Amino acid sequence: MLLHRDSATPLYRQLSARLEQEIRSGSLAVDDRLPFESELAETYGLNRLTVRAALASLSQRGLIRTVRGVGSFVAAAPIRHEISGAREASLTRAMRERGHVVTQHLLSSSHDEDSRARAALDTRGRIRRYDLLRHVDEVPWTLTCTWVAERRFAKLEQVWTGTTSLYEALEQHYGVEMRRAYRSIHAEAAGPAECEHLMVPIGAPLLVLEGLNVDTAGRPVAFVEHRGRGDRARLAIDFD
C-alpha cells in the first residue's frame, strides 16, 4: 500500500486523503481507532513525522480526535452552527431548540477597559467583562468575551452564573431582550488559551465573531466576541 513518491502532492497529504477516504466510505466508523503512528509508517513506508502531519491535518478538519497516549479515533460528524443575517442573539437558545445539549462555564469576571467595547457600548462608566466557555453535546464550542456597562446591569455577576445564556439572564432579571446590531467576522490561528479550552492544536483555524447586541429600542446592551473552532460554523449570506 505504497504512496506515489513521484507525485507533486506531498506524502502527508496523500496519506491524509487515503485515510479520509476510508472514513467517508465507512471502512473506518465513528470511534474506531486508527492504526498507531508506527503502524501507519510501516504500512505506507513513511517516517513518523510524515504520518504525524497527516493525522494533524485530519484532526484540524474534525475528522479524527486524538487522545494523548491512547491513539487517534474517528470523530463524529461535527455539529455546525449557521451564522446568518438573523437578529437572534442567543446561540445557546438556538442550539437548544435544535435538540442539542448546551452547557456553559463562566471562567472569569472582571473590570475591563477594552476600547472597542467602550466605543460600542457608548458609555463613560465602568465596564465589566465576562469570559465564558461553551460546550455543545460535550464538545468544546466557543470561548466568548462579553462586555456590559456595569451601571446599567448592576450585580449581573450575581444572577448570571454562566449556566444560562446571557440572553436569558438579561431577559429574566432585567427585562431586556437582545438583538444583534452588527457582526464582523474574521479568521485567526489558535493560541495557547484556545488550545487549552477548545481542544485544538496550535495554529488551528478559528472563526472570530465580534459585534454589538442592542435592546428592542436600539440601545447598546453587550459587546461580544466569540472565538470558535473553524470546523463548527458555516457562514450563510441571505441577499433577499
# chains A, B, ... in the order shown; residues from 1 in each chain; ligands from 1

call {"tool": "residues_around", "arguments": {"residues": "Val136 in chain A", "least_positions_apart": "6", "cutoff": "10 Å", "atoms": "only C-alpha atoms", "output": "list in words"}}
result
Ile79, Thr92, Met95, Arg96, His100, Val101, Val102, Thr103, Gln104 and Thr142 of chain A

call {"tool": "write_last_selection", "arguments": {"atoms": "N, CA and C atoms", "output": "PDB file, in the first residue's frame"}}
result
ATOM      1  N   ILE A  79     -21.175  19.084  14.560  1.00  0.00           N
ATOM      2  CA  ILE A  79     -22.416  19.844  14.589  1.00  0.00           C
ATOM      3  C   ILE A  79     -22.072  21.270  14.201  1.00  0.00           C
ATOM      4  N   THR A  92     -26.938  29.960  22.323  1.00  0.00           N
ATOM      5  CA  THR A  92     -27.313  28.889  23.246  1.00  0.00           C
ATOM      6  C   THR A  92     -28.754  28.457  23.026  1.00  0.00           C
ATOM      7  N   MET A  95     -29.214  26.627  19.613  1.00  0.00           N
ATOM      8  CA  MET A  95     -28.735  25.254  19.595  1.00  0.00           C
ATOM      9  C   MET A  95     -29.631  24.342  20.414  1.00  0.00           C
ATOM     10  N   ARG A  96     -30.156  24.839  21.522  1.00  0.00           N
ATOM     11  CA  ARG A  96     -31.061  24.011  22.330  1.00  0.00           C
ATOM     12  C   ARG A  96     -32.352  23.728  21.577  1.00  0.00           C
ATOM     13  N   HIS A 100     -29.885  20.138  20.893  1.00  0.00           N
ATOM     14  CA  HIS A 100     -28.544  19.891  21.415  1.00  0.00           C
ATOM     15  C   HIS A 100     -28.450  20.278  22.891  1.00  0.00           C
ATOM     16  N   VAL A 101     -27.549  19.615  23.591  1.00  0.00           N
ATOM     17  CA  VAL A 101     -27.304  19.918  24.992  1.00  0.00           C
ATOM     18  C   VAL A 101     -26.196  20.959  25.059  1.00  0.00           C
ATOM     19  N   VAL A 102     -26.528  22.134  25.583  1.00  0.00           N
ATOM     20  CA  VAL A 102     -25.565  23.230  25.677  1.00  0.00           C
ATOM     21  C   VAL A 102     -25.247  23.486  27.138  1.00  0.00           C
ATOM     22  N   THR A 103     -23.966  23.453  27.473  1.00  0.00           N
ATOM     23  CA  THR A 103     -23.523  23.773  28.821  1.00  0.00           C
ATOM     24  C   THR A 103     -22.504  24.897  28.749  1.00  0.00           C
ATOM     25  N   GLN A 104     -22.452  25.709  29.792  1.00  0.00           N
ATOM     26  CA  GLN A 104     -21.560  26.857  29.819  1.00  0.00           C
ATOM     27  C   GLN A 104     -20.842  26.927  31.158  1.00  0.00           C
ATOM     28  N   THR A 142     -17.115  27.323  21.880  1.00  0.00           N
ATOM     29  CA  THR A 142     -16.634  28.693  21.746  1.00  0.00           C
ATOM     30  C   THR A 142     -16.069  29.208  23.062  1.00  0.00           C
TER      31      THR A 142
END

call {"tool": "residues_around", "arguments": {"residues": "Pro140 in chain A", "least_positions_apart": "3", "cutoff": "8 Å", "atoms": "only C-alpha atoms", "output": "PyMOL selection string"}}
result
chain A and resi 133-136+197-199

call {"tool": "write_last_selection", "arguments": {"atoms": "C-alpha atoms", "output": "JSON list (two decimals), in the first residue's frame"}}
result
[["chain", "number", "residue", "atom", "x", "y", "z"],
["A", 133, "LEU", "CA", -16.54, 28.56, 27.69],
["A", 134, "ARG", "CA", -19.45, 26.91, 25.89],
["A", 135, "HIS", "CA", -19.87, 23.19, 25.11],
["A", 136, "VAL", "CA", -22.41, 21.69, 22.70],
["A", 197, "HIS", "CA", -10.11, 25.23, 26.21],
["A", 198, "LEU", "CA", -11.25, 24.30, 22.69],
["A", 199, "MET", "CA", -9.03, 21.20, 22.40]]

call {"tool": "residues_around", "arguments": {"residues": "Arg33 in chain A", "least_positions_apart": "4", "cutoff": "8 Å", "atoms": "only C-alpha atoms", "output": "list in words"}}
result
Gly71, Ser72, Phe73 and Val74 of chain A

call {"tool": "write_last_selection", "arguments": {"atoms": "N, CA and C atoms", "output": "compact mmCIF listing (two decimals), in the first residue's frame"}}
result
# COMPACT_ATOMS: atom_id res chain seq x y z
N GLY A 71 -4.29 7.10 21.36
CA GLY A 71 -4.35 6.95 19.91
C GLY A 71 -5.31 7.93 19.28
N SER A 72 -5.54 7.76 17.99
CA SER A 72 -6.45 8.62 17.22
C SER A 72 -7.69 7.84 16.84
N PHE A 73 -8.84 8.50 16.95
CA PHE A 73 -10.13 7.85 16.72
C PHE A 73 -10.95 8.65 15.72
N VAL A 74 -11.79 7.96 14.97
CA VAL A 74 -12.67 8.63 14.03
C VAL A 74 -13.69 9.44 14.81

call {"tool": "atom_distance", "arguments": {"atom1": "CA of Ala119 in chain A", "atom2": "CA of Ala149 in chain A"}}
result
11.3 Å

call {"tool": "select_by_dssp", "arguments": {"residues": "range 16-128 of chain A", "states": "helix (DSSP H, G or I)", "output": "PyMOL selection string"}}
result
chain A and resi 16-25+37-44+48-60+91-97+115-121

call {"tool": "write_last_selection", "arguments": {"atoms": "N, CA and C atoms", "output": "compact mmCIF listing (two decimals), in the first residue's frame"}}
result
# COMPACT_ATOMS: atom_id res chain seq x y z
N SER A 16 -3.16 11.51 4.22
CA SER A 16 -4.36 12.13 4.78
C SER A 16 -5.58 11.86 3.91
N ALA A 17 -5.41 12.00 2.59
CA ALA A 17 -6.52 11.76 1.66
C ALA A 17 -6.96 10.31 1.68
N ARG A 18 -6.00 9.38 1.79
CA ARG A 18 -6.35 7.96 1.81
C ARG A 18 -7.12 7.61 3.08
N LEU A 19 -6.67 8.13 4.22
CA LEU A 19 -7.38 7.86 5.46
C LEU A 19 -8.76 8.52 5.46
N GLU A 20 -8.84 9.72 4.90
CA GLU A 20 -10.14 10.39 4.80
C GLU A 20 -11.11 9.57 3.96
N GLN A 21 -10.61 8.99 2.88
CA GLN A 21 -11.46 8.15 2.03
C GLN A 21 -12.01 6.96 2.80
N GLU A 22 -11.17 6.36 3.63
CA GLU A 22 -11.62 5.23 4.44
C GLU A 22 -12.69 5.65 5.44
N ILE A 23 -12.52 6.86 6.00
CA ILE A 23 -13.50 7.36 6.97
C ILE A 23 -14.83 7.65 6.30
N ARG A 24 -14.78 8.34 5.16
CA ARG A 24 -16.02 8.74 4.48
C ARG A 24 -16.74 7.55 3.85
N SER A 25 -16.01 6.51 3.49
CA SER A 25 -16.63 5.32 2.89
C SER A 25 -17.24 4.41 3.95
N GLU A 37 0.82 5.48 14.92
CA GLU A 37 1.75 6.14 14.01
C GLU A 37 2.79 5.15 13.47
N SER A 38 3.32 4.31 14.35
CA SER A 38 4.35 3.36 13.92
C SER A 38 3.79 2.35 12.92
N GLU A 39 2.53 1.95 13.10
CA GLU A 39 1.90 1.00 12.18
C GLU A 39 1.66 1.65 10.82
N LEU A 40 1.19 2.89 10.82
CA LEU A 40 0.97 3.60 9.55
C LEU A 40 2.29 3.83 8.83
N ALA A 41 3.32 4.17 9.60
CA ALA A 41 4.63 4.41 8.99
C ALA A 41 5.14 3.15 8.31
N GLU A 42 4.97 2.00 8.95
CA GLU A 42 5.44 0.75 8.36
C GLU A 42 4.59 0.35 7.17
N THR A 43 3.27 0.52 7.28
CA THR A 43 2.36 0.12 6.20
C THR A 43 2.62 0.90 4.93
N TYR A 44 2.85 2.23 5.08
CA TYR A 44 2.97 3.08 3.89
C TYR A 44 4.42 3.45 3.57
N ARG A 48 7.75 8.73 10.74
CA ARG A 48 6.66 9.06 11.66
C ARG A 48 6.30 10.54 11.64
N LEU A 49 7.23 11.41 11.28
CA LEU A 49 6.91 12.83 11.18
C LEU A 49 5.89 13.07 10.06
N THR A 50 6.03 12.35 8.95
CA THR A 50 5.07 12.48 7.85
C THR A 50 3.70 11.97 8.27
N VAL A 51 3.70 10.83 8.98
CA VAL A 51 2.44 10.28 9.48
C VAL A 51 1.78 11.26 10.44
N ARG A 52 2.57 11.85 11.31
CA ARG A 52 2.05 12.79 12.30
C ARG A 52 1.42 14.01 11.63
N ALA A 53 2.04 14.49 10.55
CA ALA A 53 1.49 15.62 9.82
C ALA A 53 0.16 15.26 9.17
N ALA A 54 0.04 14.04 8.66
CA ALA A 54 -1.21 13.59 8.05
C ALA A 54 -2.33 13.53 9.09
N LEU A 55 -2.01 12.99 10.27
CA LEU A 55 -3.01 12.90 11.33
C LEU A 55 -3.40 14.28 11.84
N ALA A 56 -2.43 15.19 11.91
CA ALA A 56 -2.74 16.56 12.34
C ALA A 56 -3.70 17.23 11.37
N SER A 57 -3.51 16.97 10.07
CA SER A 57 -4.41 17.54 9.06
C SER A 57 -5.83 17.03 9.24
N LEU A 58 -5.97 15.74 9.52
CA LEU A 58 -7.30 15.16 9.74
C LEU A 58 -7.93 15.72 11.01
N SER A 59 -7.11 15.91 12.04
CA SER A 59 -7.61 16.44 13.30
C SER A 59 -8.10 17.87 13.14
N GLN A 60 -7.35 18.69 12.41
CA GLN A 60 -7.74 20.09 12.22
C GLN A 60 -9.05 20.21 11.48
N LEU A 91 -27.02 32.20 20.73
CA LEU A 91 -26.59 30.94 20.13
C LEU A 91 -27.01 29.77 21.01
N THR A 92 -26.94 29.96 22.32
CA THR A 92 -27.31 28.89 23.25
C THR A 92 -28.75 28.46 23.03
N ARG A 93 -29.66 29.41 22.95
CA ARG A 93 -31.06 29.06 22.76
C ARG A 93 -31.29 28.44 21.40
N ALA A 94 -30.62 28.97 20.37
CA ALA A 94 -30.77 28.43 19.02
C ALA A 94 -30.33 26.97 18.96
N MET A 95 -29.21 26.63 19.61
CA MET A 95 -28.74 25.25 19.59
C MET A 95 -29.63 24.34 20.41
N ARG A 96 -30.16 24.84 21.52
CA ARG A 96 -31.06 24.01 22.33
C ARG A 96 -32.35 23.73 21.58
N GLU A 97 -32.83 24.69 20.81
CA GLU A 97 -34.04 24.48 20.02
C GLU A 97 -33.85 23.42 18.95
N SER A 115 -11.11 49.21 24.47
CA SER A 115 -11.55 50.42 23.76
C SER A 115 -12.68 50.13 22.77
N ARG A 116 -12.64 48.94 22.15
CA ARG A 116 -13.72 48.59 21.21
C ARG A 116 -15.05 48.48 21.94
N ALA A 117 -15.01 47.83 23.10
CA ALA A 117 -16.24 47.64 23.88
C ALA A 117 -16.78 48.97 24.36
N ARG A 118 -15.91 49.85 24.85
CA ARG A 118 -16.37 51.15 25.35
C ARG A 118 -17.02 51.96 24.24
N ALA A 119 -16.41 51.96 23.06
CA ALA A 119 -16.97 52.72 21.95
C ALA A 119 -18.31 52.14 21.52
N ALA A 120 -18.42 50.81 21.46
CA ALA A 120 -19.66 50.18 21.04
C ALA A 120 -20.78 50.40 22.05
N LEU A 121 -20.45 50.32 23.34
CA LEU A 121 -21.45 50.48 24.39
C LEU A 121 -21.80 51.94 24.64

call {"tool": "residues_around", "arguments": {"residues": "Tyr130 in chain A", "least_positions_apart": "6", "cutoff": "10 Å", "atoms": "only C-alpha atoms", "output": "PDB file with N, CA and C atoms, in the first residue's frame"}}
result
ATOM      1  N   LEU A 106     -18.582  29.754  33.355  1.00  0.00           N
ATOM      2  CA  LEU A 106     -18.060  31.109  33.497  1.00  0.00           C
ATOM      3  C   LEU A 106     -16.634  31.021  34.016  1.00  0.00           C
ATOM      4  N   LEU A 107     -15.671  31.403  33.178  1.00  0.00           N
ATOM      5  CA  LEU A 107     -14.257  31.294  33.538  1.00  0.00           C
ATOM      6  C   LEU A 107     -13.804  32.424  34.443  1.00  0.00           C
ATOM      7  N   SER A 108     -14.270  33.644  34.148  1.00  0.00           N
ATOM      8  CA  SER A 108     -13.839  34.787  34.955  1.00  0.00           C
ATOM      9  C   SER A 108     -14.763  35.971  34.737  1.00  0.00           C
ATOM     10  N   SER A 109     -14.708  36.914  35.685  1.00  0.00           N
ATOM     11  CA  SER A 109     -15.467  38.157  35.604  1.00  0.00           C
ATOM     12  C   SER A 109     -14.582  39.259  36.155  1.00  0.00           C
ATOM     13  N   SER A 110     -14.438  40.351  35.405  1.00  0.00           N
ATOM     14  CA  SER A 110     -13.508  41.393  35.848  1.00  0.00           C
ATOM     15  C   SER A 110     -13.862  42.730  35.211  1.00  0.00           C
ATOM     16  N   HIS A 111     -13.353  43.823  35.814  1.00  0.00           N
ATOM     17  CA  HIS A 111     -13.461  45.136  35.191  1.00  0.00           C
ATOM     18  C   HIS A 111     -12.486  45.195  34.026  1.00  0.00           C
ATOM     19  N   ASP A 112     -12.869  45.888  32.972  1.00  0.00           N
ATOM     20  CA  ASP A 112     -12.019  45.901  31.782  1.00  0.00           C
ATOM     21  C   ASP A 112     -12.171  47.241  31.080  1.00  0.00           C
ATOM     22  N   THR A 144     -16.002  32.838  24.714  1.00  0.00           N
ATOM     23  CA  THR A 144     -16.743  34.077  24.499  1.00  0.00           C
ATOM     24  C   THR A 144     -16.362  35.130  25.533  1.00  0.00           C
ATOM     25  N   CYS A 145     -16.099  36.342  25.064  1.00  0.00           N
ATOM     26  CA  CYS A 145     -15.920  37.504  25.935  1.00  0.00           C
ATOM     27  C   CYS A 145     -17.134  38.410  25.745  1.00  0.00           C
ATOM     28  N   THR A 146     -17.730  38.831  26.845  1.00  0.00           N
ATOM     29  CA  THR A 146     -18.889  39.708  26.798  1.00  0.00           C
ATOM     30  C   THR A 146     -18.631  40.917  27.694  1.00  0.00           C
ATOM     31  N   TRP A 147     -18.854  42.117  27.152  1.00  0.00           N
ATOM     32  CA  TRP A 147     -18.684  43.351  27.920  1.00  0.00           C
ATOM     33  C   TRP A 147     -20.033  44.040  28.074  1.00  0.00           C
ATOM     34  N   VAL A 148     -20.356  44.510  29.288  1.00  0.00           N
ATOM     35  CA  VAL A 148     -21.590  45.260  29.525  1.00  0.00           C
ATOM     36  C   VAL A 148     -21.263  46.471  30.395  1.00  0.00           C
ATOM     37  N   GLU A 157     -23.194  39.738  37.803  1.00  0.00           N
ATOM     38  CA  GLU A 157     -22.414  38.550  38.138  1.00  0.00           C
ATOM     39  C   GLU A 157     -23.090  37.702  39.214  1.00  0.00           C
ATOM     40  N   TRP A 160     -26.058  35.943  36.847  1.00  0.00           N
ATOM     41  CA  TRP A 160     -25.635  35.194  35.665  1.00  0.00           C
ATOM     42  C   TRP A 160     -24.410  34.376  36.025  1.00  0.00           C
ATOM     43  N   GLY A 162     -23.426  31.685  34.308  1.00  0.00           N
ATOM     44  CA  GLY A 162     -22.875  31.005  33.150  1.00  0.00           C
ATOM     45  C   GLY A 162     -23.636  29.740  32.809  1.00  0.00           C
ATOM     46  N   LEU A 166     -26.502  34.553  28.477  1.00  0.00           N
ATOM     47  CA  LEU A 166     -26.629  35.966  28.838  1.00  0.00           C
ATOM     48  C   LEU A 166     -27.991  36.492  28.400  1.00  0.00           C
ATOM     49  N   VAL A 224     -19.797  41.692  22.221  1.00  0.00           N
ATOM     50  CA  VAL A 224     -19.419  40.284  22.357  1.00  0.00           C
ATOM     51  C   VAL A 224     -18.316  39.916  21.372  1.00  0.00           C
TER      52      VAL A 224
END

call {"tool": "atom_distance", "arguments": {"atom1": "CA of Pro205 in chain A", "atom2": "CA of Met178 in chain A"}}
result
28.9 Å

call {"tool": "select_by_dssp", "arguments": {"residues": "range 125-187 of chain A", "states": "strand (DSSP E or B)", "output": "PyMOL selection string"}}
result
chain A and resi 127-136+139-149+179-187

call {"tool": "closest_residue", "arguments": {"among": "A:Arg179, A:Leu34, A:Arg229, A:Val214", "to": "Gly191 in chain A", "atoms": "only C-alpha atoms"}}
result
A:Arg229

call {"tool": "residues_around", "arguments": {"residues": "Asn213 in chain A", "least_positions_apart": "2", "cutoff": "8 Å", "atoms": "only C-alpha atoms", "output": "PyMOL selection string"}}
result
chain A and resi 89+178-182+211+215+220-224

call {"tool": "closest_residue", "arguments": {"among": "A:Leu207, A:Leu156, A:Ala76, A:Ala169", "to": "Ile185 in chain A", "atoms": "only C-alpha atoms"}}
result
A:Leu207

call {"tool": "closest_residue", "arguments": {"among": "A:Arg126, A:Leu132, A:Trp141, A:Pro201", "to": "Thr163 in chain A", "atoms": "only C-alpha atoms"}}
result
A:Leu132

call {"tool": "atom_distance", "arguments": {"atom1": "CA of Val176 in chain A", "atom2": "CA of Thr216 in chain A"}}
result
8.0 Å

call {"tool": "decode", "arguments": {"residues": "range 41-72 of chain A", "atoms": "N, CA and C atoms", "output": "PDB file, in the first residue's frame"}}
result
ATOM      1  N   ALA A  41       3.317   4.175   9.601  1.00  0.00           N
ATOM      2  CA  ALA A  41       4.629   4.408   8.991  1.00  0.00           C
ATOM      3  C   ALA A  41       5.136   3.151   8.309  1.00  0.00           C
ATOM      4  N   GLU A  42       4.975   2.004   8.952  1.00  0.00           N
ATOM      5  CA  GLU A  42       5.440   0.750   8.363  1.00  0.00           C
ATOM      6  C   GLU A  42       4.587   0.346   7.169  1.00  0.00           C
ATOM      7  N   THR A  43       3.271   0.520   7.282  1.00  0.00           N
ATOM      8  CA  THR A  43       2.364   0.124   6.204  1.00  0.00           C
ATOM      9  C   THR A  43       2.622   0.898   4.927  1.00  0.00           C
ATOM     10  N   TYR A  44       2.850   2.229   5.076  1.00  0.00           N
ATOM     11  CA  TYR A  44       2.974   3.082   3.895  1.00  0.00           C
ATOM     12  C   TYR A  44       4.423   3.454   3.567  1.00  0.00           C
ATOM     13  N   GLY A  45       5.369   2.926   4.313  1.00  0.00           N
ATOM     14  CA  GLY A  45       6.758   3.213   4.037  1.00  0.00           C
ATOM     15  C   GLY A  45       7.136   4.661   4.261  1.00  0.00           C
ATOM     16  N   LEU A  46       6.637   5.232   5.376  1.00  0.00           N
ATOM     17  CA  LEU A  46       6.871   6.647   5.677  1.00  0.00           C
ATOM     18  C   LEU A  46       7.590   6.796   7.002  1.00  0.00           C
ATOM     19  N   ASN A  47       8.164   7.972   7.223  1.00  0.00           N
ATOM     20  CA  ASN A  47       8.687   8.243   8.566  1.00  0.00           C
ATOM     21  C   ASN A  47       7.543   8.751   9.437  1.00  0.00           C
ATOM     22  N   ARG A  48       7.750   8.733  10.741  1.00  0.00           N
ATOM     23  CA  ARG A  48       6.660   9.059  11.663  1.00  0.00           C
ATOM     24  C   ARG A  48       6.296  10.541  11.637  1.00  0.00           C
ATOM     25  N   LEU A  49       7.234  11.408  11.278  1.00  0.00           N
ATOM     26  CA  LEU A  49       6.910  12.831  11.180  1.00  0.00           C
ATOM     27  C   LEU A  49       5.892  13.073  10.060  1.00  0.00           C
ATOM     28  N   THR A  50       6.027  12.348   8.954  1.00  0.00           N
ATOM     29  CA  THR A  50       5.074  12.477   7.849  1.00  0.00           C
ATOM     30  C   THR A  50       3.704  11.968   8.271  1.00  0.00           C
ATOM     31  N   VAL A  51       3.703  10.829   8.980  1.00  0.00           N
ATOM     32  CA  VAL A  51       2.435  10.281   9.476  1.00  0.00           C
ATOM     33  C   VAL A  51       1.780  11.261  10.443  1.00  0.00           C
ATOM     34  N   ARG A  52       2.574  11.854  11.307  1.00  0.00           N
ATOM     35  CA  ARG A  52       2.049  12.794  12.303  1.00  0.00           C
ATOM     36  C   ARG A  52       1.418  14.006  11.625  1.00  0.00           C
ATOM     37  N   ALA A  53       2.036  14.485  10.554  1.00  0.00           N
ATOM     38  CA  ALA A  53       1.486  15.624   9.820  1.00  0.00           C
ATOM     39  C   ALA A  53       0.156  15.260   9.169  1.00  0.00           C
ATOM     40  N   ALA A  54       0.036  14.041   8.656  1.00  0.00           N
ATOM     41  CA  ALA A  54      -1.215  13.592   8.049  1.00  0.00           C
ATOM     42  C   ALA A  54      -2.330  13.527   9.089  1.00  0.00           C
ATOM     43  N   LEU A  55      -2.010  12.992  10.270  1.00  0.00           N
ATOM     44  CA  LEU A  55      -3.011  12.901  11.329  1.00  0.00           C
ATOM     45  C   LEU A  55      -3.403  14.283  11.839  1.00  0.00           C
ATOM     46  N   ALA A  56      -2.434  15.191  11.913  1.00  0.00           N
ATOM     47  CA  ALA A  56      -2.738  16.557  12.344  1.00  0.00           C
ATOM     48  C   ALA A  56      -3.696  17.226  11.371  1.00  0.00           C
ATOM     49  N   SER A  57      -3.510  16.969  10.072  1.00  0.00           N
ATOM     50  CA  SER A  57      -4.406  17.539   9.058  1.00  0.00           C
ATOM     51  C   SER A  57      -5.830  17.026   9.244  1.00  0.00           C
ATOM     52  N   LEU A  58      -5.970  15.738   9.517  1.00  0.00           N
ATOM     53  CA  LEU A  58      -7.305  15.159   9.740  1.00  0.00           C
ATOM     54  C   LEU A  58      -7.931  15.715  11.013  1.00  0.00           C
ATOM     55  N   SER A  59      -7.106  15.908  12.037  1.00  0.00           N
ATOM     56  CA  SER A  59      -7.609  16.442  13.301  1.00  0.00           C
ATOM     57  C   SER A  59      -8.105  17.867  13.145  1.00  0.00           C
ATOM     58  N   GLN A  60      -7.348  18.694  12.413  1.00  0.00           N
ATOM     59  CA  GLN A  60      -7.736  20.090  12.218  1.00  0.00           C
ATOM     60  C   GLN A  60      -9.051  20.215  11.481  1.00  0.00           C
ATOM     61  N   ARG A  61      -9.367  19.238  10.637  1.00  0.00           N
ATOM     62  CA  ARG A  61     -10.622  19.276   9.883  1.00  0.00           C
ATOM     63  C   ARG A  61     -11.746  18.536  10.601  1.00  0.00           C
ATOM     64  N   GLY A  62     -11.489  18.097  11.828  1.00  0.00           N
ATOM     65  CA  GLY A  62     -12.539  17.492  12.635  1.00  0.00           C
ATOM     66  C   GLY A  62     -12.883  16.069  12.276  1.00  0.00           C
ATOM     67  N   LEU A  63     -12.030  15.388  11.491  1.00  0.00           N
ATOM     68  CA  LEU A  63     -12.322  14.017  11.070  1.00  0.00           C
ATOM     69  C   LEU A  63     -11.881  12.989  12.100  1.00  0.00           C
ATOM     70  N   ILE A  64     -10.873  13.336  12.878  1.00  0.00           N
ATOM     71  CA  ILE A  64     -10.421  12.438  13.930  1.00  0.00           C
ATOM     72  C   ILE A  64     -10.204  13.229  15.209  1.00  0.00           C
ATOM     73  N   ARG A  65     -10.160  12.528  16.315  1.00  0.00           N
ATOM     74  CA  ARG A  65      -9.803  13.125  17.603  1.00  0.00           C
ATOM     75  C   ARG A  65      -8.665  12.296  18.178  1.00  0.00           C
ATOM     76  N   THR A  66      -7.696  12.956  18.741  1.00  0.00           N
ATOM     77  CA  THR A  66      -6.519  12.264  19.258  1.00  0.00           C
ATOM     78  C   THR A  66      -6.485  12.361  20.772  1.00  0.00           C
ATOM     79  N   VAL A  67      -6.327  11.226  21.415  1.00  0.00           N
ATOM     80  CA  VAL A  67      -6.210  11.152  22.869  1.00  0.00           C
ATOM     81  C   VAL A  67      -4.758  10.832  23.180  1.00  0.00           C
ATOM     82  N   ARG A  68      -4.106  11.753  23.850  1.00  0.00           N
ATOM     83  CA  ARG A  68      -2.677  11.592  24.132  1.00  0.00           C
ATOM     84  C   ARG A  68      -2.409  10.281  24.874  1.00  0.00           C
ATOM     85  N   GLY A  69      -1.478   9.494  24.356  1.00  0.00           N
ATOM     86  CA  GLY A  69      -1.095   8.239  24.986  1.00  0.00           C
ATOM     87  C   GLY A  69      -2.014   7.082  24.677  1.00  0.00           C
ATOM     88  N   VAL A  70      -3.116   7.346  23.950  1.00  0.00           N
ATOM     89  CA  VAL A  70      -4.078   6.285  23.643  1.00  0.00           C
ATOM     90  C   VAL A  70      -4.158   6.040  22.145  1.00  0.00           C
ATOM     91  N   GLY A  71      -4.287   7.105  21.357  1.00  0.00           N
ATOM     92  CA  GLY A  71      -4.355   6.953  19.914  1.00  0.00           C
ATOM     93  C   GLY A  71      -5.313   7.931  19.277  1.00  0.00           C
ATOM     94  N   SER A  72      -5.537   7.759  17.986  1.00  0.00           N
ATOM     95  CA  SER A  72      -6.446   8.625  17.219  1.00  0.00           C
ATOM     96  C   SER A  72      -7.690   7.843  16.840  1.00  0.00           C
TER      97      SER A  72
END
